[in-house]
Amino acid sequence: MEAPNTLSARLARATSAIRSRDARVPDIAVVLGSGLSPFASTLENATTIEFPDIPHMPVVTVPGHAGKLVLGTLPGVPNSPVVAALAGRVHLYEGHAMDTVVFASRLLVTLGAKVLLLTNAAGAISPIARPGDLVLISDHLNLQGQNPLIGPNDSALGPRFPDMSNVYDRELRARATVAAQRVDCELREGVYAALSGPSYETPAEIRMLRAMGADLVGMSTVPEAIAARHMGAKVLGISCATNLAAGVSAHELSHDEVEQTAKKTRDKFVRIVTEILADLGRAAPSA
Ligand code: HPA
């Protein structure tokens, strides 16, 4: 008989492939955005699993996304939580179906992560963020024209109509803000609008997004946040503002600029994310 190919069956196969390499259950997971993957190599006691070694994981095609899952602990943090870091994500614009886009996020929750920290590179629409700033996502606008929950609902994973009134958990945001202050960083909050891409926005689209209440714009994160909430995990989001959005900036946008800025913020990003994850680990010990 052929093995079943339901979402639950695919998640189970991917989970057992990972567990056979490292049986630790992650307390927290972090998805690393464009140019932010180097965080994964700061983890200690690490097991690195390449995406192709995980059944059903999609192949990553964007430069700056490595495509590996690292399980490990935070350097210099006593009783560190076990962290799963996903370096490389897939996007809707690569031509993947939504269930493929969110597969890795669902896998992280299936592995046991109770909190998913989603990070990304984003364009800054409103003056709350300048290039190089890190911003806590307070809420989102799903403007990708699709939703990862469209299709039959597996009620073992979550409800048909999940609530989205507190996607980026209020209490965890408050903790993250205090944790960032401990490493001398002010984290502002902003609304993230997700578009499909891959073309960057026009200045008219940016004016529209601003009128709609968006502070940041990007091409990821929102489907993953929806899927994680569907499964009952808590979500935090951090955008690295890598550029002024189209029309706000006097010059043309490029992926190079996005990667360069993300690279420059790397040390700050690692410091803040480490502090936030250590704090979340203290809040939700694995035992
Ligand atoms: N627009 C969309 N996605 C992005 C941007 C942007 O300006 N910068 C980084 N990702």
# chains A, B, ... in the order shown; residues from 1 in each chain; ligands from 1

$ residues_around --residues "region 198-201 of chain A" --least-positions-apart "3" --cutoff "9 Å" --atoms "only C-alpha atoms" --output "list in words"
Leu92, Tyr93, Glu94, Leu195, Ala204, Glu205, Ile206, Val217, Gly218, Met219, Ala245, Ala246, Leu253 and Ser254 of chain A

$ write_last_selection --atoms "C-alpha atoms" --output "PDB file, in the first residue's frame"
ATOM      1  CA  LEU A  92       5.023  32.354  -2.676  1.00  0.00           C
ATOM      2  CA  TYR A  93       6.815  34.159  -5.539  1.00  0.00           C
ATOM      3  CA  GLU A  94       9.039  31.128  -6.141  1.00  0.00           C
ATOM      4  CA  LEU A 195       2.570  41.235  -0.870  1.00  0.00           C
ATOM      5  CA  ALA A 204       1.680  54.378  -5.752  1.00  0.00           C
ATOM      6  CA  GLU A 205       1.353  50.979  -4.101  1.00  0.00           C
ATOM      7  CA  ILE A 206       3.479  52.192  -1.191  1.00  0.00           C
ATOM      8  CA  VAL A 217       6.354  45.837   3.510  1.00  0.00           C
ATOM      9  CA  GLY A 218       7.711  42.453   2.522  1.00  0.00           C
ATOM     10  CA  MET A 219       7.031  39.161   0.761  1.00  0.00           C
ATOM     11  CA  ALA A 245      10.193  51.581   0.451  1.00  0.00           C
ATOM     12  CA  ALA A 246       9.762  52.551  -3.201  1.00  0.00           C
ATOM     13  CA  LEU A 253      15.501  49.140  -4.881  1.00  0.00           C
ATOM     14  CA  SER A 254      17.656  46.057  -5.209  1.00  0.00           C
TER      15      SER A 254
END

$ select_by_dssp --residues "region 79-230 of chain A" --states "strand (DSSP E)" --output "ChimeraX atom specification"
/A:82-87,115-124,134-143,188-195,216-218

$ closest_residue --among "A:Ala104, A:Leu141, A:Leu43, A:Ala283" --to "Val77 (chain A)" --atoms "only C-alpha atoms"
A:Leu43

$ closest_residue --among "A:Gly232, A:Pro203, A:Pro52, A:Gly197" --to "ligand 1" --atoms "only C-alpha atoms and all ligand atoms"
A:Gly197

$ closest_residue --among "A:Pro131, A:Pro223, A:Gly237, A:Gly67" --to "ligand 1" --atoms "only C-alpha atoms and all ligand atoms"
A:Pro131

$ residues_around --residues "Thr274 (chain A)" --least-positions-apart "2" --cutoff "12 Å" --atoms "only C-alpha atoms" --output "ChimeraX atom specification"
/A:28-30,39-40,42-44,73-77,80-83,85,117,176,179-180,182-183,266-272,276-281

$ residues_around --residues "Leu36 (chain A)" --least-positions-apart "6" --cutoff "9 Å" --atoms "only C-alpha atoms" --output "PDB file with C-alpha atoms, in the first residue's frame"
ATOM      1  CA  GLY A  64      20.968  34.591   0.774  1.00  0.00           C
ATOM      2  CA  HIS A  65      18.854  31.623   1.908  1.00  0.00           C
ATOM      3  CA  ALA A  87      18.001  29.295   7.726  1.00  0.00           C
ATOM      4  CA  THR A 119      12.145  37.324  11.030  1.00  0.00           C
ATOM      5  CA  ASN A 120      12.387  39.053   7.697  1.00  0.00           C
ATOM      6  CA  ALA A 121      13.912  41.842   5.680  1.00  0.00           C
ATOM      7  CA  CYS A 240      14.923  44.186   9.728  1.00  0.00           C
ATOM      8  CA  GLU A 259      21.239  41.857   1.763  1.00  0.00           C
ATOM      9  CA  ALA A 262      20.761  42.917   6.684  1.00  0.00           C
ATOM     10  CA  LYS A 263      24.443  41.998   6.848  1.00  0.00           C
ATOM     11  CA  THR A 265      22.679  44.720  11.252  1.00  0.00           C
ATOM     12  CA  ARG A 266      23.836  41.152  11.835  1.00  0.00           C
ATOM     13  CA  PHE A 269      20.220  41.147  15.253  1.00  0.00           C
ATOM     14  CA  VAL A 270      22.104  38.234  16.837  1.00  0.00           C
TER      15      VAL A 270
END

$ residues_around --residues "Gly190 (chain A)" --least-positions-apart "5" --cutoff "12 Å" --atoms "only C-alpha atoms" --output "count of residues only"
30

$ closest_residue --among "A:Leu108, A:Ala194, A:Val115, A:Cys185" --to "Gly145 (chain A)" --atoms "only C-alpha atoms"
A:Ala194

$ closest_residue --among "A:Arg24, A:Arg175, A:Arg130, A:Arg19" --to "ligand 1" --atoms "only C-alpha atoms and all ligand atoms"
A:Arg130

$ atom_distance --atom1 "atom 2 (C, counted along the ligand's line) of ligand 1" --atom2 "CA of Asn147 (chain A)"
18.3 Å

$ select_by_dssp --residues "region 9-239 of chain A" --states "helix (DSSP H, G or I)" --output "PDB file with N, CA and C atoms, in the first residue's frame"
ATOM      1  N   ALA A   9       0.681  13.278   7.579  1.00  0.00           N
ATOM      2  CA  ALA A   9       1.627  12.194   7.280  1.00  0.00           C
ATOM      3  C   ALA A   9       2.970  12.774   6.834  1.00  0.00           C
ATOM      4  N   ARG A  10       2.920  13.838   6.031  1.00  0.00           N
ATOM      5  CA  ARG A  10       4.176  14.469   5.586  1.00  0.00           C
ATOM      6  C   ARG A  10       4.923  15.077   6.774  1.00  0.00           C
ATOM      7  N   LEU A  11       4.166  15.714   7.666  1.00  0.00           N
ATOM      8  CA  LEU A  11       4.802  16.312   8.848  1.00  0.00           C
ATOM      9  C   LEU A  11       5.418  15.220   9.723  1.00  0.00           C
ATOM     10  N   ALA A  12       4.726  14.093   9.847  1.00  0.00           N
ATOM     11  CA  ALA A  12       5.228  12.992  10.687  1.00  0.00           C
ATOM     12  C   ALA A  12       6.526  12.433  10.101  1.00  0.00           C
ATOM     13  N   ARG A  13       6.576  12.281   8.766  1.00  0.00           N
ATOM     14  CA  ARG A  13       7.798  11.743   8.141  1.00  0.00           C
ATOM     15  C   ARG A  13       8.967  12.709   8.324  1.00  0.00           C
ATOM     16  N   ALA A  14       8.707  13.994   8.126  1.00  0.00           N
ATOM     17  CA  ALA A  14       9.775  14.996   8.272  1.00  0.00           C
ATOM     18  C   ALA A  14      10.251  15.034   9.735  1.00  0.00           C
ATOM     19  N   THR A  15       9.290  14.952  10.663  1.00  0.00           N
ATOM     20  CA  THR A  15       9.637  14.978  12.089  1.00  0.00           C
ATOM     21  C   THR A  15      10.510  13.778  12.460  1.00  0.00           C
ATOM     22  N   SER A  16      10.150  12.593  11.972  1.00  0.00           N
ATOM     23  CA  SER A  16      10.959  11.442  12.396  1.00  0.00           C
ATOM     24  C   SER A  16      12.341  11.474  11.749  1.00  0.00           C
ATOM     25  N   ALA A  17      12.464  12.042  10.541  1.00  0.00           N
ATOM     26  CA  ALA A  17      13.797  12.166   9.939  1.00  0.00           C
ATOM     27  C   ALA A  17      14.677  13.084  10.788  1.00  0.00           C
ATOM     28  N   ILE A  18      14.083  14.159  11.312  1.00  0.00           N
ATOM     29  CA  ILE A  18      14.859  15.092  12.149  1.00  0.00           C
ATOM     30  C   ILE A  18      15.195  14.433  13.485  1.00  0.00           C
ATOM     31  N   ARG A  19      14.192  13.788  14.093  1.00  0.00           N
ATOM     32  CA  ARG A  19      14.401  13.147  15.407  1.00  0.00           C
ATOM     33  C   ARG A  19      15.466  12.054  15.346  1.00  0.00           C
ATOM     34  N   SER A  20      15.568  11.401  14.167  1.00  0.00           N
ATOM     35  CA  SER A  20      16.576  10.342  14.057  1.00  0.00           C
ATOM     36  C   SER A  20      17.987  10.948  14.039  1.00  0.00           C
ATOM     37  N   ARG A  21      18.087  12.224  13.694  1.00  0.00           N
ATOM     38  CA  ARG A  21      19.406  12.899  13.730  1.00  0.00           C
ATOM     39  C   ARG A  21      19.651  13.564  15.084  1.00  0.00           C
ATOM     40  N   SER A  37      20.466  34.725   8.046  1.00  0.00           N
ATOM     41  CA  SER A  37      20.768  33.314   8.354  1.00  0.00           C
ATOM     42  C   SER A  37      21.970  33.109   9.263  1.00  0.00           C
ATOM     43  N   PRO A  38      22.987  34.002   9.258  1.00  0.00           N
ATOM     44  CA  PRO A  38      24.163  33.711  10.095  1.00  0.00           C
ATOM     45  C   PRO A  38      23.836  33.486  11.567  1.00  0.00           C
ATOM     46  N   PHE A  39      22.661  33.919  12.027  1.00  0.00           N
ATOM     47  CA  PHE A  39      22.287  33.631  13.415  1.00  0.00           C
ATOM     48  C   PHE A  39      22.394  32.135  13.698  1.00  0.00           C
ATOM     49  N   ALA A  40      22.014  31.319  12.719  1.00  0.00           N
ATOM     50  CA  ALA A  40      21.967  29.859  12.929  1.00  0.00           C
ATOM     51  C   ALA A  40      23.335  29.322  13.335  1.00  0.00           C
ATOM     52  N   SER A  41      24.418  29.915  12.801  1.00  0.00           N
ATOM     53  CA  SER A  41      25.749  29.370  13.120  1.00  0.00           C
ATOM     54  C   SER A  41      26.267  29.858  14.471  1.00  0.00           C
ATOM     55  N   THR A  42      25.490  30.706  15.171  1.00  0.00           N
ATOM     56  CA  THR A  42      25.922  31.087  16.520  1.00  0.00           C
ATOM     57  C   THR A  42      25.477  30.044  17.551  1.00  0.00           C
ATOM     58  N   PHE A  51      18.128  20.973   4.199  1.00  0.00           N
ATOM     59  CA  PHE A  51      16.736  20.774   3.753  1.00  0.00           C
ATOM     60  C   PHE A  51      16.553  19.500   2.914  1.00  0.00           C
ATOM     61  N   PRO A  52      17.457  19.216   1.957  1.00  0.00           N
ATOM     62  CA  PRO A  52      17.218  18.016   1.135  1.00  0.00           C
ATOM     63  C   PRO A  52      17.202  16.723   1.936  1.00  0.00           C
ATOM     64  N   ASP A  53      17.738  16.755   3.171  1.00  0.00           N
ATOM     65  CA  ASP A  53      17.714  15.548   4.006  1.00  0.00           C
ATOM     66  C   ASP A  53      16.435  15.429   4.831  1.00  0.00           C
ATOM     67  N   LEU A  92       6.082  32.550  -1.683  1.00  0.00           N
ATOM     68  CA  LEU A  92       5.023  32.354  -2.676  1.00  0.00           C
ATOM     69  C   LEU A  92       5.534  32.674  -4.094  1.00  0.00           C
ATOM     70  N   TYR A  93       6.374  33.713  -4.200  1.00  0.00           N
ATOM     71  CA  TYR A  93       6.815  34.159  -5.539  1.00  0.00           C
ATOM     72  C   TYR A  93       7.718  33.151  -6.242  1.00  0.00           C
ATOM     73  N   GLU A  94       8.218  32.161  -5.497  1.00  0.00           N
ATOM     74  CA  GLU A  94       9.039  31.128  -6.141  1.00  0.00           C
ATOM     75  C   GLU A  94       8.163  30.140  -6.905  1.00  0.00           C
ATOM     76  N   MET A  98       0.779  27.497  -1.380  1.00  0.00           N
ATOM     77  CA  MET A  98       0.811  27.998  -0.007  1.00  0.00           C
ATOM     78  C   MET A  98       1.129  26.914   1.016  1.00  0.00           C
ATOM     79  N   ASP A  99       0.620  25.682   0.790  1.00  0.00           N
ATOM     80  CA  ASP A  99       0.901  24.653   1.804  1.00  0.00           C
ATOM     81  C   ASP A  99       2.390  24.317   1.840  1.00  0.00           C
ATOM     82  N   THR A 100       3.071  24.498   0.702  1.00  0.00           N
ATOM     83  CA  THR A 100       4.525  24.294   0.668  1.00  0.00           C
ATOM     84  C   THR A 100       5.231  25.451   1.376  1.00  0.00           C
ATOM     85  N   VAL A 101       4.726  26.665   1.143  1.00  0.00           N
ATOM     86  CA  VAL A 101       5.334  27.858   1.765  1.00  0.00           C
ATOM     87  C   VAL A 101       5.353  27.727   3.291  1.00  0.00           C
ATOM     88  N   PHE A 103       5.060  24.830   5.041  1.00  0.00           N
ATOM     89  CA  PHE A 103       5.381  23.486   5.552  1.00  0.00           C
ATOM     90  C   PHE A 103       6.428  23.540   6.677  1.00  0.00           C
ATOM     91  N   ALA A 104       7.485  24.320   6.465  1.00  0.00           N
ATOM     92  CA  ALA A 104       8.562  24.362   7.467  1.00  0.00           C
ATOM     93  C   ALA A 104       8.062  24.926   8.794  1.00  0.00           C
ATOM     94  N   SER A 105       7.198  25.923   8.732  1.00  0.00           N
ATOM     95  CA  SER A 105       6.670  26.491   9.979  1.00  0.00           C
ATOM     96  C   SER A 105       5.824  25.462  10.708  1.00  0.00           C
ATOM     97  N   ARG A 106       4.998  24.759   9.938  1.00  0.00           N
ATOM     98  CA  ARG A 106       4.181  23.707  10.559  1.00  0.00           C
ATOM     99  C   ARG A 106       5.080  22.629  11.159  1.00  0.00           C
ATOM    100  N   LEU A 107       6.187  22.331  10.473  1.00  0.00           N
ATOM    101  CA  LEU A 107       7.114  21.307  10.959  1.00  0.00           C
ATOM    102  C   LEU A 107       7.741  21.739  12.293  1.00  0.00           C
ATOM    103  N   LEU A 108       8.122  23.000  12.386  1.00  0.00           N
ATOM    104  CA  LEU A 108       8.739  23.491  13.625  1.00  0.00           C
ATOM    105  C   LEU A 108       7.769  23.351  14.800  1.00  0.00           C
ATOM    106  N   VAL A 109       6.508  23.623  14.539  1.00  0.00           N
ATOM    107  CA  VAL A 109       5.501  23.482  15.604  1.00  0.00           C
ATOM    108  C   VAL A 109       5.298  21.995  15.917  1.00  0.00           C
ATOM    109  N   THR A 110       5.261  21.172  14.875  1.00  0.00           N
ATOM    110  CA  THR A 110       5.095  19.723  15.085  1.00  0.00           C
ATOM    111  C   THR A 110       6.263  19.151  15.892  1.00  0.00           C
ATOM    112  N   LEU A 111       7.465  19.696  15.672  1.00  0.00           N
ATOM    113  CA  LEU A 111       8.641  19.229  16.422  1.00  0.00           C
ATOM    114  C   LEU A 111       8.522  19.556  17.904  1.00  0.00           C
ATOM    115  N   ARG A 170       0.719  39.603  22.280  1.00  0.00           N
ATOM    116  CA  ARG A 170       0.906  40.865  23.003  1.00  0.00           C
ATOM    117  C   ARG A 170       1.889  40.718  24.167  1.00  0.00           C
ATOM    118  N   GLU A 171       1.695  39.650  24.941  1.00  0.00           N
ATOM    119  CA  GLU A 171       2.534  39.460  26.119  1.00  0.00           C
ATOM    120  C   GLU A 171       3.989  39.182  25.710  1.00  0.00           C
ATOM    121  N   LEU A 172       4.167  38.374  24.678  1.00  0.00           N
ATOM    122  CA  LEU A 172       5.532  38.077  24.234  1.00  0.00           C
ATOM    123  C   LEU A 172       6.194  39.316  23.644  1.00  0.00           C
ATOM    124  N   ARG A 173       5.392  40.182  23.007  1.00  0.00           N
ATOM    125  CA  ARG A 173       5.957  41.438  22.474  1.00  0.00           C
ATOM    126  C   ARG A 173       6.452  42.314  23.613  1.00  0.00           C
ATOM    127  N   ALA A 174       5.676  42.358  24.681  1.00  0.00           N
ATOM    128  CA  ALA A 174       6.095  43.177  25.829  1.00  0.00           C
ATOM    129  C   ALA A 174       7.409  42.630  26.395  1.00  0.00           C
ATOM    130  N   ARG A 175       7.508  41.320  26.493  1.00  0.00           N
ATOM    131  CA  ARG A 175       8.747  40.699  26.998  1.00  0.00           C
ATOM    132  C   ARG A 175       9.911  40.980  26.058  1.00  0.00           C
ATOM    133  N   ALA A 176       9.643  40.883  24.756  1.00  0.00           N
ATOM    134  CA  ALA A 176      10.708  41.102  23.762  1.00  0.00           C
ATOM    135  C   ALA A 176      11.224  42.535  23.824  1.00  0.00           C
ATOM    136  N   THR A 177      10.316  43.480  24.064  1.00  0.00           N
ATOM    137  CA  THR A 177      10.710  44.885  24.141  1.00  0.00           C
ATOM    138  C   THR A 177      11.660  45.099  25.326  1.00  0.00           C
ATOM    139  N   VAL A 178      11.318  44.492  26.458  1.00  0.00           N
ATOM    140  CA  VAL A 178      12.158  44.627  27.655  1.00  0.00           C
ATOM    141  C   VAL A 178      13.502  43.910  27.435  1.00  0.00           C
ATOM    142  N   ALA A 179      13.445  42.723  26.817  1.00  0.00           N
ATOM    143  CA  ALA A 179      14.685  41.972  26.554  1.00  0.00           C
ATOM    144  C   ALA A 179      15.613  42.791  25.650  1.00  0.00           C
ATOM    145  N   ALA A 180      15.058  43.431  24.640  1.00  0.00           N
ATOM    146  CA  ALA A 180      15.874  44.239  23.716  1.00  0.00           C
ATOM    147  C   ALA A 180      16.503  45.419  24.449  1.00  0.00           C
ATOM    148  N   GLN A 181      15.740  46.009  25.366  1.00  0.00           N
ATOM    149  CA  GLN A 181      16.291  47.136  26.144  1.00  0.00           C
ATOM    150  C   GLN A 181      17.507  46.704  26.956  1.00  0.00           C
ATOM    151  N   ARG A 182      17.473  45.447  27.423  1.00  0.00           N
ATOM    152  CA  ARG A 182      18.624  44.955  28.199  1.00  0.00           C
ATOM    153  C   ARG A 182      19.903  44.935  27.368  1.00  0.00           C
ATOM    154  N   PRO A 203       5.741  53.228  -6.260  1.00  0.00           N
ATOM    155  CA  PRO A 203       5.479  54.298  -5.276  1.00  0.00           C
ATOM    156  C   PRO A 203       3.988  54.452  -4.990  1.00  0.00           C
ATOM    157  N   ALA A 204       3.130  54.261  -5.992  1.00  0.00           N
ATOM    158  CA  ALA A 204       1.680  54.378  -5.752  1.00  0.00           C
ATOM    159  C   ALA A 204       1.195  53.275  -4.815  1.00  0.00           C
ATOM    160  N   GLU A 205       1.734  52.084  -5.002  1.00  0.00           N
ATOM    161  CA  GLU A 205       1.353  50.979  -4.101  1.00  0.00           C
ATOM    162  C   GLU A 205       1.813  51.272  -2.672  1.00  0.00           C
ATOM    163  N   ILE A 206       2.981  51.854  -2.547  1.00  0.00           N
ATOM    164  CA  ILE A 206       3.479  52.192  -1.191  1.00  0.00           C
ATOM    165  C   ILE A 206       2.583  53.256  -0.549  1.00  0.00           C
ATOM    166  N   ARG A 207       2.152  54.250  -1.330  1.00  0.00           N
ATOM    167  CA  ARG A 207       1.229  55.259  -0.765  1.00  0.00           C
ATOM    168  C   ARG A 207      -0.075  54.592  -0.321  1.00  0.00           C
ATOM    169  N   MET A 208      -0.552  53.630  -1.125  1.00  0.00           N
ATOM    170  CA  MET A 208      -1.767  52.890  -0.759  1.00  0.00           C
ATOM    171  C   MET A 208      -1.545  52.121   0.553  1.00  0.00           C
ATOM    172  N   LEU A 209      -0.407  51.437   0.649  1.00  0.00           N
ATOM    173  CA  LEU A 209      -0.124  50.646   1.860  1.00  0.00           C
ATOM    174  C   LEU A 209      -0.031  51.544   3.089  1.00  0.00           C
ATOM    175  N   ARG A 210       0.569  52.704   2.890  1.00  0.00           N
ATOM    176  CA  ARG A 210       0.690  53.634   4.025  1.00  0.00           C
ATOM    177  C   ARG A 210      -0.705  54.053   4.485  1.00  0.00           C
ATOM    178  N   ALA A 211      -1.589  54.361   3.493  1.00  0.00           N
ATOM    179  CA  ALA A 211      -2.964  54.776   3.835  1.00  0.00           C
ATOM    180  C   ALA A 211      -3.713  53.636   4.528  1.00  0.00           C
ATOM    181  N   VAL A 222       3.764  36.401   6.747  1.00  0.00           N
ATOM    182  CA  VAL A 222       2.329  36.355   7.054  1.00  0.00           C
ATOM    183  C   VAL A 222       1.746  34.943   6.907  1.00  0.00           C
ATOM    184  N   PRO A 223       2.012  34.219   5.805  1.00  0.00           N
ATOM    185  CA  PRO A 223       1.450  32.867   5.729  1.00  0.00           C
ATOM    186  C   PRO A 223       1.949  31.983   6.869  1.00  0.00           C
ATOM    187  N   GLU A 224       3.235  32.136   7.209  1.00  0.00           N
ATOM    188  CA  GLU A 224       3.814  31.311   8.275  1.00  0.00           C
ATOM    189  C   GLU A 224       3.154  31.633   9.614  1.00  0.00           C
ATOM    190  N   ALA A 225       2.919  32.919   9.845  1.00  0.00           N
ATOM    191  CA  ALA A 225       2.272  33.321  11.104  1.00  0.00           C
ATOM    192  C   ALA A 225       0.859  32.752  11.174  1.00  0.00           C
ATOM    193  N   ILE A 226       0.142  32.794  10.060  1.00  0.00           N
ATOM    194  CA  ILE A 226      -1.232  32.266  10.040  1.00  0.00           C
ATOM    195  C   ILE A 226      -1.217  30.756  10.323  1.00  0.00           C
ATOM    196  N   ALA A 227      -0.298  30.039   9.681  1.00  0.00           N
ATOM    197  CA  ALA A 227      -0.240  28.579   9.860  1.00  0.00           C
ATOM    198  C   ALA A 227       0.141  28.230  11.298  1.00  0.00           C
ATOM    199  N   ALA A 228       1.090  28.981  11.867  1.00  0.00           N
ATOM    200  CA  ALA A 228       1.512  28.701  13.248  1.00  0.00           C
ATOM    201  C   ALA A 228       0.368  28.974  14.227  1.00  0.00           C
ATOM    202  N   ARG A 229      -0.368  30.063  14.004  1.00  0.00           N
ATOM    203  CA  ARG A 229      -1.515  30.369  14.875  1.00  0.00           C
ATOM    204  C   ARG A 229      -2.599  29.303  14.719  1.00  0.00           C
ATOM    205  N   HIS A 230      -2.768  28.846  13.483  1.00  0.00           N
ATOM    206  CA  HIS A 230      -3.736  27.771  13.232  1.00  0.00           C
ATOM    207  C   HIS A 230      -3.443  26.573  14.132  1.00  0.00           C
TER     208      HIS A 230
END

$ atom_distance --atom1 "CA of Gly95 (chain A)" --atom2 "CA of Thr221 (chain A)"
16.1 Å

$ closest_residue --among "A:Lys114, A:Val273, A:Leu69, A:Gln144" --to "ligand 1" --atoms "only C-alpha atoms and all ligand atoms"
A:Gln144
